[in-house]
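This is run_26.txt. It holds compact mmCIF, C-alpha atoms.
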# COMPACT_ATOMS: atom_id res chain seq x y z
CA MET Y 1 140.24 81.58 97.51
CA PRO Y 2 136.79 83.06 98.15
CA SER Y 3 136.62 85.79 100.77
CA ALA Y 4 135.26 84.87 104.18
CA LEU Y 5 131.77 86.17 104.75
CA VAL Y 6 131.21 88.97 107.25
CA THR Y 7 128.27 88.52 109.63
CA THR Y 8 126.03 91.52 110.23
CA PRO Y 9 123.25 91.40 112.84
CA ILE Y 10 119.83 92.51 111.64
CA THR Y 11 119.02 95.91 113.10
CA PRO Y 12 115.93 98.12 112.59
CA ASP Y 13 117.86 100.57 110.40
CA LEU Y 14 118.28 97.81 107.79
CA VAL Y 15 114.54 97.04 107.61
CA ARG Y 16 111.86 99.05 105.82
CA GLY Y 17 108.12 98.52 105.51
CA ALA Y 18 107.67 97.06 109.00
CA LEU Y 19 106.12 99.01 111.87
CA GLU Y 20 107.78 96.93 114.58
CA LEU Y 21 110.41 94.22 115.02
CA GLU Y 22 109.81 91.66 117.75
CA GLU Y 23 112.68 89.74 119.33
CA THR Y 24 111.79 86.03 119.31
CA PRO Y 25 113.81 82.84 119.93
CA ASP Y 26 113.96 82.38 116.14
CA GLY Y 27 115.13 85.93 115.37
CA LEU Y 28 113.64 89.35 114.70
CA LEU Y 29 110.03 88.99 113.51
CA PRO Y 30 108.71 91.91 111.42
CA HIS Y 31 105.21 93.10 112.30
CA ARG Y 32 102.95 95.36 110.28
CA LEU Y 33 100.88 96.29 113.34
CA PRO Y 34 102.37 97.52 116.61
CA ALA Y 35 102.06 95.45 119.78
CA TRP Y 36 99.36 97.66 121.32
CA ALA Y 37 97.17 97.15 118.22
CA ARG Y 38 97.76 93.39 118.15
CA ALA Y 39 96.69 93.24 121.79
CA GLN Y 40 93.26 94.59 120.86
CA CYS Y 41 92.32 91.64 118.65
CA SER Y 42 92.58 87.91 119.37
CA ASP Y 43 91.73 86.82 115.82
CA GLY Y 44 94.23 84.25 114.54
CA GLN Y 45 93.69 85.27 110.93
CA LEU Y 46 94.82 88.82 111.62
CA ALA Y 47 97.73 87.62 113.76
CA MET Y 48 98.98 85.51 110.87
CA ALA Y 49 98.38 88.17 108.21
CA GLU Y 50 100.03 91.13 109.93
CA SER Y 51 103.15 89.10 110.74
CA GLN Y 52 103.60 87.95 107.15
CA PRO Y 53 106.01 90.59 105.86
CA SER Y 54 104.27 91.82 102.72
CA GLY Y 55 106.17 94.85 101.47
CA VAL Y 56 108.91 94.45 104.09
CA ARG Y 57 112.47 94.53 102.79
CA LEU Y 58 116.07 94.85 103.91
CA VAL Y 59 117.78 97.83 102.29
CA LEU Y 60 121.54 98.31 102.49
CA ARG Y 61 124.58 99.79 100.80
CA THR Y 62 127.49 97.48 100.07
CA ARG Y 63 130.16 96.41 97.61
CA ALA Y 64 129.44 92.76 98.38
CA THR Y 65 129.26 90.27 95.53
CA VAL Y 66 127.74 87.62 97.81
CA VAL Y 67 124.77 88.20 100.10
CA GLU Y 68 123.26 85.53 102.36
CA LEU Y 69 120.26 86.08 104.59
CA GLU Y 70 119.56 83.53 107.30
CA THR Y 71 115.92 83.28 108.37
CA VAL Y 72 113.43 80.98 110.05
CA PRO Y 73 110.40 80.85 107.74
CA THR Y 74 106.98 79.57 108.75
CA LYS Y 75 105.18 77.86 105.88
CA ARG Y 76 101.53 76.76 105.62
CA VAL Y 77 100.16 73.41 104.47
CA TYR Y 78 96.43 72.82 103.91
CA THR Y 79 95.30 69.25 104.46
CA GLY Y 80 93.94 67.76 101.24
CA ALA Y 81 94.90 70.79 99.15
CA PRO Y 82 97.80 71.07 96.71
CA PRO Y 83 101.05 72.47 98.16
CA ARG Y 84 101.15 76.23 98.37
CA PRO Y 85 103.90 77.94 96.39
CA GLU Y 86 107.18 78.41 98.23
CA GLY Y 87 107.73 81.91 99.56
CA LEU Y 88 110.13 83.86 97.40
CA TYR Y 89 112.76 86.44 98.33
CA ASP Y 90 113.27 89.05 95.60
CA LEU Y 91 116.66 90.73 95.22
CA LEU Y 92 116.90 94.22 93.74
CA VAL Y 93 120.20 95.93 92.94
CA ASP Y 94 119.88 99.68 92.46
CA GLY Y 95 116.15 99.15 91.95
CA ARG Y 96 116.45 96.44 89.28
CA PRO Y 97 115.55 92.74 89.70
CA ALA Y 98 118.73 90.72 90.29
CA GLY Y 99 117.64 87.34 91.67
CA GLN Y 100 115.11 85.19 93.51
CA ALA Y 101 115.44 82.43 96.08
CA SER Y 102 113.44 80.43 98.64
CA ALA Y 103 114.51 79.49 102.15
CA THR Y 104 114.60 75.87 103.24
CA GLY Y 105 113.91 74.62 106.76
CA GLY Y 106 111.80 76.56 109.19
CA ASN Y 107 108.45 75.86 110.78
CA THR Y 108 105.34 74.35 109.20
CA VAL Y 109 101.73 75.10 110.13
CA THR Y 110 99.30 72.39 108.97
CA ILE Y 111 95.69 73.57 108.66
CA ASP Y 112 92.65 71.32 108.30
CA LEU Y 113 90.12 73.42 106.38
CA SER Y 114 87.23 71.11 107.26
CA THR Y 115 87.68 71.59 111.02
CA GLY Y 116 89.74 74.77 111.29
CA ASN Y 117 92.28 72.96 113.45
CA ALA Y 118 95.96 73.79 113.02
CA GLY Y 119 99.20 72.34 114.31
CA MET Y 120 102.79 73.50 114.03
CA SER Y 121 106.06 71.61 113.70
CA SER Y 122 109.39 73.35 114.25
CA GLY Y 123 112.42 73.22 111.99
CA PRO Y 124 115.89 74.72 111.64
CA ALA Y 125 116.88 78.05 110.17
CA GLY Y 126 117.52 78.29 106.46
CA ALA Y 127 119.26 80.78 104.23
CA VAL Y 128 118.90 82.41 100.85
CA ARG Y 129 122.07 83.18 98.92
CA PHE Y 130 122.68 85.61 96.08
CA ASP Y 131 126.08 85.71 94.42
CA GLY Y 132 127.70 87.15 91.33
CA LEU Y 133 126.62 90.67 92.23
CA PRO Y 134 128.56 93.63 90.83
CA GLY Y 135 131.43 94.70 93.09
CA ALA Y 136 130.68 98.42 92.90
CA ASP Y 137 129.01 100.32 95.72
CA LYS Y 138 125.27 99.77 95.30
CA THR Y 139 121.88 99.64 97.02
CA VAL Y 140 120.72 96.11 97.69
CA GLU Y 141 117.13 95.30 98.63
CA ILE Y 142 115.88 91.90 99.76
CA TRP Y 143 112.09 91.77 99.69
CA LEU Y 144 110.72 89.15 102.08
CA PRO Y 145 108.01 86.63 101.12
CA TYR Y 146 104.52 88.07 101.42
CA ASN Y 147 103.09 84.64 102.35
CA GLU Y 148 105.49 83.33 105.02
CA LEU Y 149 106.27 84.51 108.52
CA THR Y 150 109.97 85.31 108.35
CA ALA Y 151 112.13 85.61 111.45
CA LEU Y 152 115.38 87.40 110.55
CA VAL Y 153 118.53 85.83 112.01
CA GLU Y 154 121.58 87.42 110.40
CA LEU Y 155 123.09 88.77 107.20
CA ARG Y 156 126.33 87.41 105.72
CA THR Y 157 128.27 89.18 102.97
CA ASP Y 158 131.77 89.24 101.49
CA ALA Y 159 132.08 93.00 102.12
CA PRO Y 160 130.85 95.33 104.86
CA VAL Y 161 127.29 96.63 104.72
CA GLU Y 162 125.65 99.76 106.05
CA PRO Y 163 122.06 101.00 106.11
CA ALA Y 164 121.03 102.74 102.92
CA PRO Y 165 120.41 106.47 103.37
CA ALA Y 166 116.88 107.79 103.22
CA SER Y 167 115.60 107.69 99.66
CA GLY Y 168 113.95 111.10 99.69
CA ARG Y 169 110.89 109.56 98.08
CA ARG Y 170 107.38 110.08 99.39
CA THR Y 171 105.93 107.40 101.69
CA TRP Y 172 102.74 105.69 100.54
CA LEU Y 173 100.73 104.04 103.33
CA HIS Y 174 98.21 101.52 101.99
CA HIS Y 175 95.61 99.34 103.72
CA GLY Y 176 93.62 96.58 102.08
CA SER Y 177 92.66 92.92 101.95
CA SER Y 178 94.46 89.75 100.85
CA ILE Y 179 94.62 91.16 97.32
CA SER Y 180 96.70 94.07 98.64
CA HIS Y 181 98.57 91.61 100.85
CA GLY Y 182 99.61 89.79 97.66
CA SER Y 183 97.57 86.59 97.46
CA ASP Y 184 98.45 84.61 94.32
CA ALA Y 185 101.00 87.15 93.06
CA ALA Y 186 104.21 85.73 91.62
CA SER Y 187 106.62 87.24 94.16
CA PRO Y 188 106.96 90.01 96.78
CA THR Y 189 107.91 92.75 94.31
CA THR Y 190 105.07 91.80 91.95
CA ILE Y 191 102.16 92.20 94.34
CA TRP Y 192 100.12 95.05 92.92
CA PRO Y 193 100.99 97.66 95.62
CA ALA Y 194 104.73 97.01 95.12
CA LEU Y 195 104.36 97.37 91.35
CA ALA Y 196 102.39 100.61 91.78
CA ALA Y 197 104.92 101.97 94.27
CA ALA Y 198 107.78 101.28 91.86
CA ALA Y 199 105.91 102.98 89.02
CA GLY Y 200 105.12 105.99 91.21
CA ASP Y 201 108.65 106.16 92.67
CA VAL Y 202 107.39 106.07 96.27
CA ASP Y 203 108.30 104.05 99.36
CA LEU Y 204 105.59 101.53 100.28
CA VAL Y 205 104.27 100.70 103.73
CA ASN Y 206 101.80 97.91 103.02
CA LEU Y 207 99.07 97.24 105.57
CA GLY Y 208 97.29 94.76 103.33
CA PHE Y 209 96.05 92.06 105.71
CA GLY Y 210 94.66 88.85 104.20
CA GLY Y 211 91.05 88.43 105.36
CA SER Y 212 91.33 91.34 107.78
CA ALA Y 213 90.53 94.67 106.08
CA LEU Y 214 87.54 95.10 108.38
CA LEU Y 215 87.54 98.77 109.40
CA ASP Y 216 89.09 97.87 112.75
CA PRO Y 217 89.57 100.99 114.89
CA PHE Y 218 93.09 99.95 115.94
CA VAL Y 219 94.14 99.83 112.27
CA ALA Y 220 92.81 103.36 111.79
CA ARG Y 221 94.77 104.53 114.84
CA THR Y 222 97.89 102.79 113.53
CA MET Y 223 97.51 104.64 110.22
CA ARG Y 224 96.88 107.89 112.09
CA ASP Y 225 100.21 107.49 113.89
CA THR Y 226 102.29 106.26 110.93
CA PRO Y 227 104.21 108.93 108.97
CA ALA Y 228 102.89 109.11 105.40
CA ASP Y 229 102.77 111.47 102.44
CA LEU Y 230 100.08 109.47 100.60
CA ILE Y 231 97.36 107.18 101.96
CA SER Y 232 94.98 104.74 100.34
CA LEU Y 233 92.30 102.37 101.63
CA LYS Y 234 90.96 99.45 99.62
CA ILE Y 235 87.86 98.38 101.48
CA GLY Y 236 84.96 96.00 100.93
CA ILE Y 237 85.71 92.42 99.96
CA ASN Y 238 86.55 91.28 103.50
CA LEU Y 239 83.40 92.90 104.88
CA VAL Y 240 81.44 90.68 102.50
CA ASN Y 241 83.69 87.61 103.01
CA THR Y 242 83.10 87.63 106.74
CA ASP Y 243 79.48 88.88 106.66
CA LEU Y 244 80.73 91.20 109.38
CA MET Y 245 78.18 94.00 109.35
CA ARG Y 246 74.99 95.24 107.76
CA LEU Y 247 74.53 98.26 105.52
CA ARG Y 248 73.32 100.38 108.47
CA ALA Y 249 76.72 100.02 110.15
CA LEU Y 250 78.91 100.45 107.08
CA GLY Y 251 78.62 104.20 106.47
CA PRO Y 252 79.26 105.26 110.08
CA ALA Y 253 82.14 102.78 110.33
CA VAL Y 254 83.80 104.23 107.22
CA HIS Y 255 83.26 107.77 108.53
CA GLY Y 256 84.83 106.82 111.85
CA PHE Y 257 87.81 105.16 110.17
CA LEU Y 258 88.43 108.23 108.02
CA ASP Y 259 87.93 110.58 110.98
CA THR Y 260 90.67 108.77 112.91
CA ILE Y 261 93.13 108.86 110.03
CA ARG Y 262 92.42 112.56 109.51
CA ASP Y 263 93.24 113.21 113.19
CA GLY Y 264 96.87 112.46 112.30
CA HIS Y 265 96.89 113.32 108.60
CA PRO Y 266 94.46 116.21 108.14
CA ASP Y 267 95.64 117.23 104.65
CA THR Y 268 97.38 114.13 103.27
CA PRO Y 269 96.04 112.89 99.91
CA LEU Y 270 93.72 110.00 100.80
CA LEU Y 271 92.29 107.69 98.14
CA VAL Y 272 89.43 105.31 98.96
CA VAL Y 273 89.25 102.35 96.56
CA SER Y 274 86.23 100.05 96.36
CA PRO Y 275 86.50 96.31 95.54
CA ILE Y 276 87.69 94.98 92.22
CA LEU Y 277 85.26 92.73 90.39
CA CYS Y 278 84.54 89.42 92.12
CA PRO Y 279 81.59 87.79 90.32
CA MET Y 280 80.47 85.51 93.12
CA HIS Y 281 79.92 88.45 95.49
CA GLU Y 282 78.77 91.23 93.17
CA ASP Y 283 75.15 90.68 94.18
CA THR Y 284 75.40 87.71 96.54
CA PRO Y 285 76.24 88.34 100.20
CA GLY Y 286 78.75 86.39 102.24
CA PRO Y 287 80.04 84.71 104.10
CA THR Y 288 82.62 83.25 101.76
CA ALA Y 289 83.27 79.55 102.20
CA PHE Y 290 85.81 77.04 100.97
CA ASP Y 291 84.51 75.09 97.99
CA PHE Y 292 85.01 71.58 99.30
CA SER Y 293 83.94 70.05 96.00
CA ARG Y 294 87.01 71.69 94.43
CA LEU Y 295 89.14 70.70 97.42
CA ALA Y 296 88.28 67.07 96.68
CA GLU Y 297 89.76 67.67 93.23
CA GLY Y 298 92.95 68.97 94.83
CA LYS Y 299 92.16 72.63 94.15
CA LEU Y 300 91.78 75.47 96.65
CA ALA Y 301 88.76 77.60 95.73
CA PHE Y 302 86.01 79.66 97.32
CA THR Y 303 82.27 80.09 96.98
CA ALA Y 304 79.59 82.49 98.21
CA SER Y 305 77.28 80.95 100.79
CA GLY Y 306 74.81 83.84 101.09
CA ASN Y 307 71.55 84.40 99.24
CA PRO Y 308 70.99 87.34 96.83
CA GLY Y 309 67.61 87.99 98.46
CA GLU Y 310 69.33 88.81 101.74
CA ARG Y 311 70.48 92.18 100.42
CA ALA Y 312 66.98 93.44 101.27
CA GLU Y 313 67.82 92.65 104.91
CA GLY Y 314 70.91 94.85 104.75
CA LYS Y 315 73.50 92.14 104.09
CA LEU Y 316 76.43 93.48 102.14
CA THR Y 317 77.34 92.72 98.56
CA LEU Y 318 80.16 94.29 96.60
CA ASN Y 319 77.74 96.51 94.70
CA ALA Y 320 76.19 97.67 97.97
CA VAL Y 321 79.64 98.43 99.40
CA ARG Y 322 80.66 100.41 96.32
CA GLU Y 323 77.52 102.52 96.45
CA GLU Y 324 78.04 103.34 100.13
CA LEU Y 325 81.76 104.09 99.81
CA GLU Y 326 81.14 106.44 96.91
CA ARG Y 327 78.37 108.18 98.85
CA VAL Y 328 80.53 108.64 101.95
CA VAL Y 329 83.49 110.00 99.98
CA GLU Y 330 81.30 112.32 97.92
CA THR Y 331 79.77 113.71 101.12
CA ARG Y 332 83.11 114.23 102.87
CA ALA Y 333 84.96 115.56 99.83
CA LYS Y 334 82.83 118.73 99.91
CA GLU Y 335 84.94 119.80 102.90
CA ASP Y 336 88.00 117.59 102.30
CA PRO Y 337 89.55 118.39 98.90
CA ASN Y 338 92.33 115.86 99.44
CA LEU Y 339 89.91 112.92 99.68
CA SER Y 340 88.98 110.99 96.53
CA TYR Y 341 87.31 107.77 95.40
CA LEU Y 342 88.17 105.12 92.82
CA ASP Y 343 85.83 102.34 91.73
CA GLY Y 344 87.88 99.14 91.99
CA ARG Y 345 86.38 97.83 88.77
CA ALA Y 346 88.51 100.41 86.96
CA LEU Y 347 91.47 98.34 88.13
CA TYR Y 348 89.93 94.94 87.32
CA GLY Y 349 86.48 94.67 85.79
CA GLU Y 350 84.25 92.45 83.68
CA GLN Y 351 86.36 92.57 80.53
CA ASP Y 352 89.48 91.76 82.52
CA HIS Y 353 87.77 88.82 84.19
CA ALA Y 354 86.96 87.36 80.80
CA GLY Y 355 90.65 87.17 79.90
CA LEU Y 356 92.20 86.88 83.37
CA PRO Y 357 89.69 85.06 85.59
CA LEU Y 358 90.30 84.83 89.33
CA PRO Y 359 92.03 81.43 89.75
CA ASP Y 360 90.29 80.54 93.00
CA GLY Y 361 87.21 82.70 92.48
CA LEU Y 362 88.50 85.35 94.88
CA HIS Y 363 92.11 86.39 94.25
CA PRO Y 364 93.78 87.71 91.08
CA GLY Y 365 96.67 85.79 89.57
CA PRO Y 366 100.11 87.20 88.67
CA ASP Y 367 99.06 88.82 85.39
CA ALA Y 368 96.06 90.48 87.03
CA HIS Y 369 98.24 91.78 89.88
CA ARG Y 370 100.43 93.44 87.27
CA LEU Y 371 97.39 94.90 85.51
CA ILE Y 372 95.97 96.27 88.77
CA GLY Y 373 99.33 97.78 89.78
CA GLU Y 374 99.79 99.45 86.40
CA ARG Y 375 96.28 100.88 86.38
CA PHE Y 376 96.47 102.10 89.97
CA ALA Y 377 99.75 103.88 89.23
CA ALA Y 378 98.39 105.37 86.00
CA HIS Y 379 95.42 106.78 87.91
CA ALA Y 380 96.97 107.80 91.23
CA PHE Y 381 100.30 109.20 90.01
CA ALA Y 382 99.04 110.92 86.86
CA ALA Y 383 99.68 114.64 86.56
CA ASP Y 384 96.08 115.28 87.59
CA GLY Y 385 95.76 112.22 89.84
CA PRO Y 386 95.18 112.16 93.60
CA PHE Y 387 98.86 111.37 94.31
CA ALA Y 388 100.32 113.90 91.87
CA GLY Y 389 103.05 116.24 93.04
CA THR Y 390 106.52 116.02 94.47
CA GLY Y 391 105.81 115.81 98.17
CA ASN Y 392 104.27 117.61 101.12
Give the structure from the file, written as structure tokens.
Amino acid sequence: MPSALVTTPITPDLVRGALELEETPDGLLPHRLPAWARAQCSDGQLAMAESQPSGVRLVLRTRATVVELETVPTKRVYTGAPPRPEGLYDLLVDGRPAGQASATGGNTVTIDLSTGNAGMSSGPAGAVRFDGLPGADKTVEIWLPYNELTALVELRTDAPVEPAPASGRRTWLHHGSSISHGSDAASPTTIWPALAAAAGDVDLVNLGFGGSALLDPFVARTMRDTPADLISLKIGINLVNTDLMRLRALGPAVHGFLDTIRDGHPDTPLLVVSPILCPMHEDTPGPTAFDFSRLAEGKLAFTASGNPGERAEGKLTLNAVREELERVVETRAKEDPNLSYLDGRALYGEQDHAGLPLPDGLHPGPDAHRLIGERFAAHAFAADGPFAGTGN
């Protein structure tokens, strides 16, 4: 007879990678921005992005051979577009991949891209189940989907569980756009920051927010107040996507963002990374728009709606952003030896695009995520890299 499963409530000491857990009627909702920061911005895009648990995982010690996690997922459907991939839960046992699953049920948000209208329907909780695990004492990690809101209900196992002890690894705090968030990666442990963190043997706190890496002051203050041994910023593509600011504002905004982080982390290694290659915005400003001609074909894709001539008016392109970021870092690094710069095209450039084009014109696919993660790790964690060393 199979053993009865033991129910364990989800508590904060089981969850890593989240900055806050909110009690909701559906369960505990992980957030990657604290409530005070969320209160300073009413943008729905940011609200959705920060509450999708990219990089968030449950970490526990147990002898269980069966692990079930009950959740209430919130999935997205785009009217007229092909179904988005189901969110995946990745299981790691002692750091090694040991299974994948998707949760059924939950809520559904239906978005009409032509009007921007959205509606939500509610559904029941679902569960992911992993069985056949080794019966020895082990560390089990369940990485939550990067692309679905995930309210945590309860954990069920066939043996007691306890929070895993602190790993002793350095904490890497990263902020970036949807590419850092994970868009179009295969699964939560194969987004490029997770791959780089595994290669560098560090614990990831991922503040990659789809569409929302916009130099917001409340994000800088959040990073200032978050414990970290290593920090990186990947900035630029969302500034162009949204046509948010002009070149005159960019330099001072970057300085201010870095100033705030340095208020809390004066000596922490800090790496500023400019955008990877994105051909449609290299020399053409935003805003970025949905390509409705491709949507009619059942494909979700993007296009640049700006005009190359508008760069003379101070509108941002990726090349303009790279030039300004490099200038700001070079200026500051004269007095800040722990600040460094990396051109994002070293992670994904023209030659890479020829073999691994961006599927929707904006986001890298699974193979490119792996390439970016490997190259970031090779640069940052090299013996002479900005993240070299054994800790602070």
Requested in this report: Write out as a VMD selection string each polymer residue whose atoms come within 12 Å of range 40-52 of chain Y, counting all atoms listed in the file; drop sequence neighbours fewer than 5 positions from it.
Outcome: chain Y and resid 17 to 22 28 to 35 57 73 to 76 87 109 116 to 118 143 to 151 175 to 183 188 206 to 214 216 to 219 221 to 222 238 242
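CA of Ala4 in chain Y is positioned 6.2 Å from CA of Asp158 in chain Y.
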Query raised in the report: Can you find the residues with an atom no farther than 12 Å from (94.2, 99.4, 84.2), counting only C-alpha atoms, and report them as a PyMOL selection string?
Result: chain Y and resi 192+196+276+342-349+351-352+367-380
Output C-alpha atoms of each residue in that selection to a file, as a PDB file, keeping the file's coordinate frame.
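Saved result, selection.pdb, follows:
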ATOM      1  CA  TRP Y 192     100.120  95.050  92.920  1.00  0.00           C
ATOM      2  CA  ALA Y 196     102.390 100.610  91.780  1.00  0.00           C
ATOM      3  CA  ILE Y 276      87.690  94.980  92.220  1.00  0.00           C
ATOM      4  CA  LEU Y 342      88.170 105.120  92.820  1.00  0.00           C
ATOM      5  CA  ASP Y 343      85.830 102.340  91.730  1.00  0.00           C
ATOM      6  CA  GLY Y 344      87.880  99.140  91.990  1.00  0.00           C
ATOM      7  CA  ARG Y 345      86.380  97.830  88.770  1.00  0.00           C
ATOM      8  CA  ALA Y 346      88.510 100.410  86.960  1.00  0.00           C
ATOM      9  CA  LEU Y 347      91.470  98.340  88.130  1.00  0.00           C
ATOM     10  CA  TYR Y 348      89.930  94.940  87.320  1.00  0.00           C
ATOM     11  CA  GLY Y 349      86.480  94.670  85.790  1.00  0.00           C
ATOM     12  CA  GLN Y 351      86.360  92.570  80.530  1.00  0.00           C
ATOM     13  CA  ASP Y 352      89.480  91.760  82.520  1.00  0.00           C
ATOM     14  CA  ASP Y 367      99.060  88.820  85.390  1.00  0.00           C
ATOM     15  CA  ALA Y 368      96.060  90.480  87.030  1.00  0.00           C
ATOM     16  CA  HIS Y 369      98.240  91.780  89.880  1.00  0.00           C
ATOM     17  CA  ARG Y 370     100.430  93.440  87.270  1.00  0.00           C
ATOM     18  CA  LEU Y 371      97.390  94.900  85.510  1.00  0.00           C
ATOM     19  CA  ILE Y 372      95.970  96.270  88.770  1.00  0.00           C
ATOM     20  CA  GLY Y 373      99.330  97.780  89.780  1.00  0.00           C
ATOM     21  CA  GLU Y 374      99.790  99.450  86.400  1.00  0.00           C
ATOM     22  CA  ARG Y 375      96.280 100.880  86.380  1.00  0.00           C
ATOM     23  CA  PHE Y 376      96.470 102.100  89.970  1.00  0.00           C
ATOM     24  CA  ALA Y 377      99.750 103.880  89.230  1.00  0.00           C
ATOM     25  CA  ALA Y 378      98.390 105.370  86.000  1.00  0.00           C
ATOM     26  CA  HIS Y 379      95.420 106.780  87.910  1.00  0.00           C
ATOM     27  CA  ALA Y 380      96.970 107.800  91.230  1.00  0.00           C
TER      28      ALA Y 380
END
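Distances here use all atoms listed in the file; by that measure, the residue among Y:Asp13, Y:Asp283, Y:Glu326, Y:Asp259 closest to Pro165 in chain Y is Y:Asp13.
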Requested in this report: Find the residue from Y:Asp90, Y:Asp336, Y:Glu323, Y:Asp184 that sits nearest to Gly365 in chain Y; use all atoms listed in the file when measuring.
Outcome: Y:Asp184
**Report entry** Residue list as a ChimeraX atom specification for point (94.3, 104.5, 98.6), cut-off 6 Å, all atoms listed in the file
**Finding:** /Y:174,231-233,270-273
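Using only C-alpha atoms, the shortest contact distance between Thr24 in chain Y and any of Y:Ala37, Y:Val72, Y:Leu300, Y:Leu318 is found at Y:Val72.
The interatomic distance for the pair CA of Pro308 in chain Y and CA of Phe292 in chain Y works out to 21.2 Å.
The shortest atom-to-atom distance to Ser54 in chain Y, with all atoms listed in the file taken into account, belongs to Y:Leu88 out of Y:Ile235, Y:Leu88, Y:Val93, Y:Met120.
Every protein or nucleic acid residue with an atom no more than 9 Å from range 254-256 of chain Y, counting only C-alpha atoms and leaving out same-chain residues fewer than 5 positions away, appears here: Leu215, Pro217, Ala220, Ala249, Ile261, Leu325, Val328, Val329 and Arg332 of chain Y.
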Query raised in the report: What gap, in Å, lies between CA of Gly314 in chain Y and CA of Lys334 in chain Y?
Result: 27.1 Å
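Near Val67 in chain Y, within 6 Å and counting all atoms listed in the file, sit Y:Arg129, Y:Phe130, Y:Arg156, Y:Thr157, not including residues fewer than 6 positions from it in the same chain.
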Query - Residue neighbourhood Val15 in chain Y, 8 Å, all atoms listed in the file, exclusion window fewer than 3 positions, as a ChimeraX atom specification - result: /Y:11-12,18,56-59
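Across Y:Gly168, Y:Thr189, Y:Thr62, Y:Trp36, the tightest approach to Gly99 in chain Y is made by Y:Thr189 when counting only C-alpha atoms.
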Requested in this report: Rank nothing, just name the residue among Y:Asp203, Y:Asp131, Y:Glu350, Y:Asp26 nearest to Thr71 in chain Y, using all atoms listed in the file.
Outcome: Y:Asp26
So that all listed atoms of range 112-126 of chain Y fit with 3 Å spare on each side, what axis-aligned box centre and edge lengths in Å, to one decimal, would you give as AutoDock Vina command-line options?
--center_x 102.4 --center_y 74.7 --center_z 110.3 --size_x 36.3 --size_y 13.2 --size_z 13.9
N, CA, C and O atoms modelled onto range 315-325 of chain Y, as a compact mmCIF listing (two decimals), in the frame of the given file:
# COMPACT_ATOMS: atom_id res chain seq x y z
N LYS Y 315 72.23 92.84 104.23
CA LYS Y 315 73.50 92.14 104.09
C LYS Y 315 74.28 92.75 102.94
O LYS Y 315 73.71 93.18 101.94
N LEU Y 316 75.58 92.77 103.09
CA LEU Y 316 76.43 93.48 102.14
C LEU Y 316 76.80 92.62 100.94
O LEU Y 316 77.12 91.44 101.07
N THR Y 317 76.77 93.24 99.78
CA THR Y 317 77.34 92.72 98.56
C THR Y 317 78.38 93.73 98.08
O THR Y 317 78.45 94.85 98.59
N LEU Y 318 79.15 93.35 97.10
CA LEU Y 318 80.16 94.29 96.60
C LEU Y 318 79.52 95.52 95.98
O LEU Y 318 80.02 96.64 96.15
N ASN Y 319 78.42 95.34 95.27
CA ASN Y 319 77.74 96.51 94.70
C ASN Y 319 77.21 97.43 95.78
O ASN Y 319 77.28 98.66 95.66
N ALA Y 320 76.68 96.85 96.87
CA ALA Y 320 76.19 97.67 97.97
C ALA Y 320 77.34 98.44 98.62
O ALA Y 320 77.20 99.62 98.97
N VAL Y 321 78.47 97.78 98.79
CA VAL Y 321 79.64 98.43 99.40
C VAL Y 321 80.11 99.58 98.52
O VAL Y 321 80.41 100.68 99.02
N ARG Y 322 80.20 99.35 97.20
CA ARG Y 322 80.66 100.41 96.32
C ARG Y 322 79.76 101.63 96.39
O ARG Y 322 80.24 102.78 96.45
N GLU Y 323 78.46 101.40 96.39
CA GLU Y 323 77.52 102.52 96.45
C GLU Y 323 77.72 103.32 97.73
O GLU Y 323 77.71 104.56 97.71
N GLU Y 324 77.91 102.64 98.85
CA GLU Y 324 78.04 103.34 100.13
C GLU Y 324 79.38 104.05 100.23
O GLU Y 324 79.47 105.18 100.73
N LEU Y 325 80.45 103.42 99.78
CA LEU Y 325 81.76 104.09 99.81
C LEU Y 325 81.75 105.35 98.96
O LEU Y 325 82.26 106.40 99.38
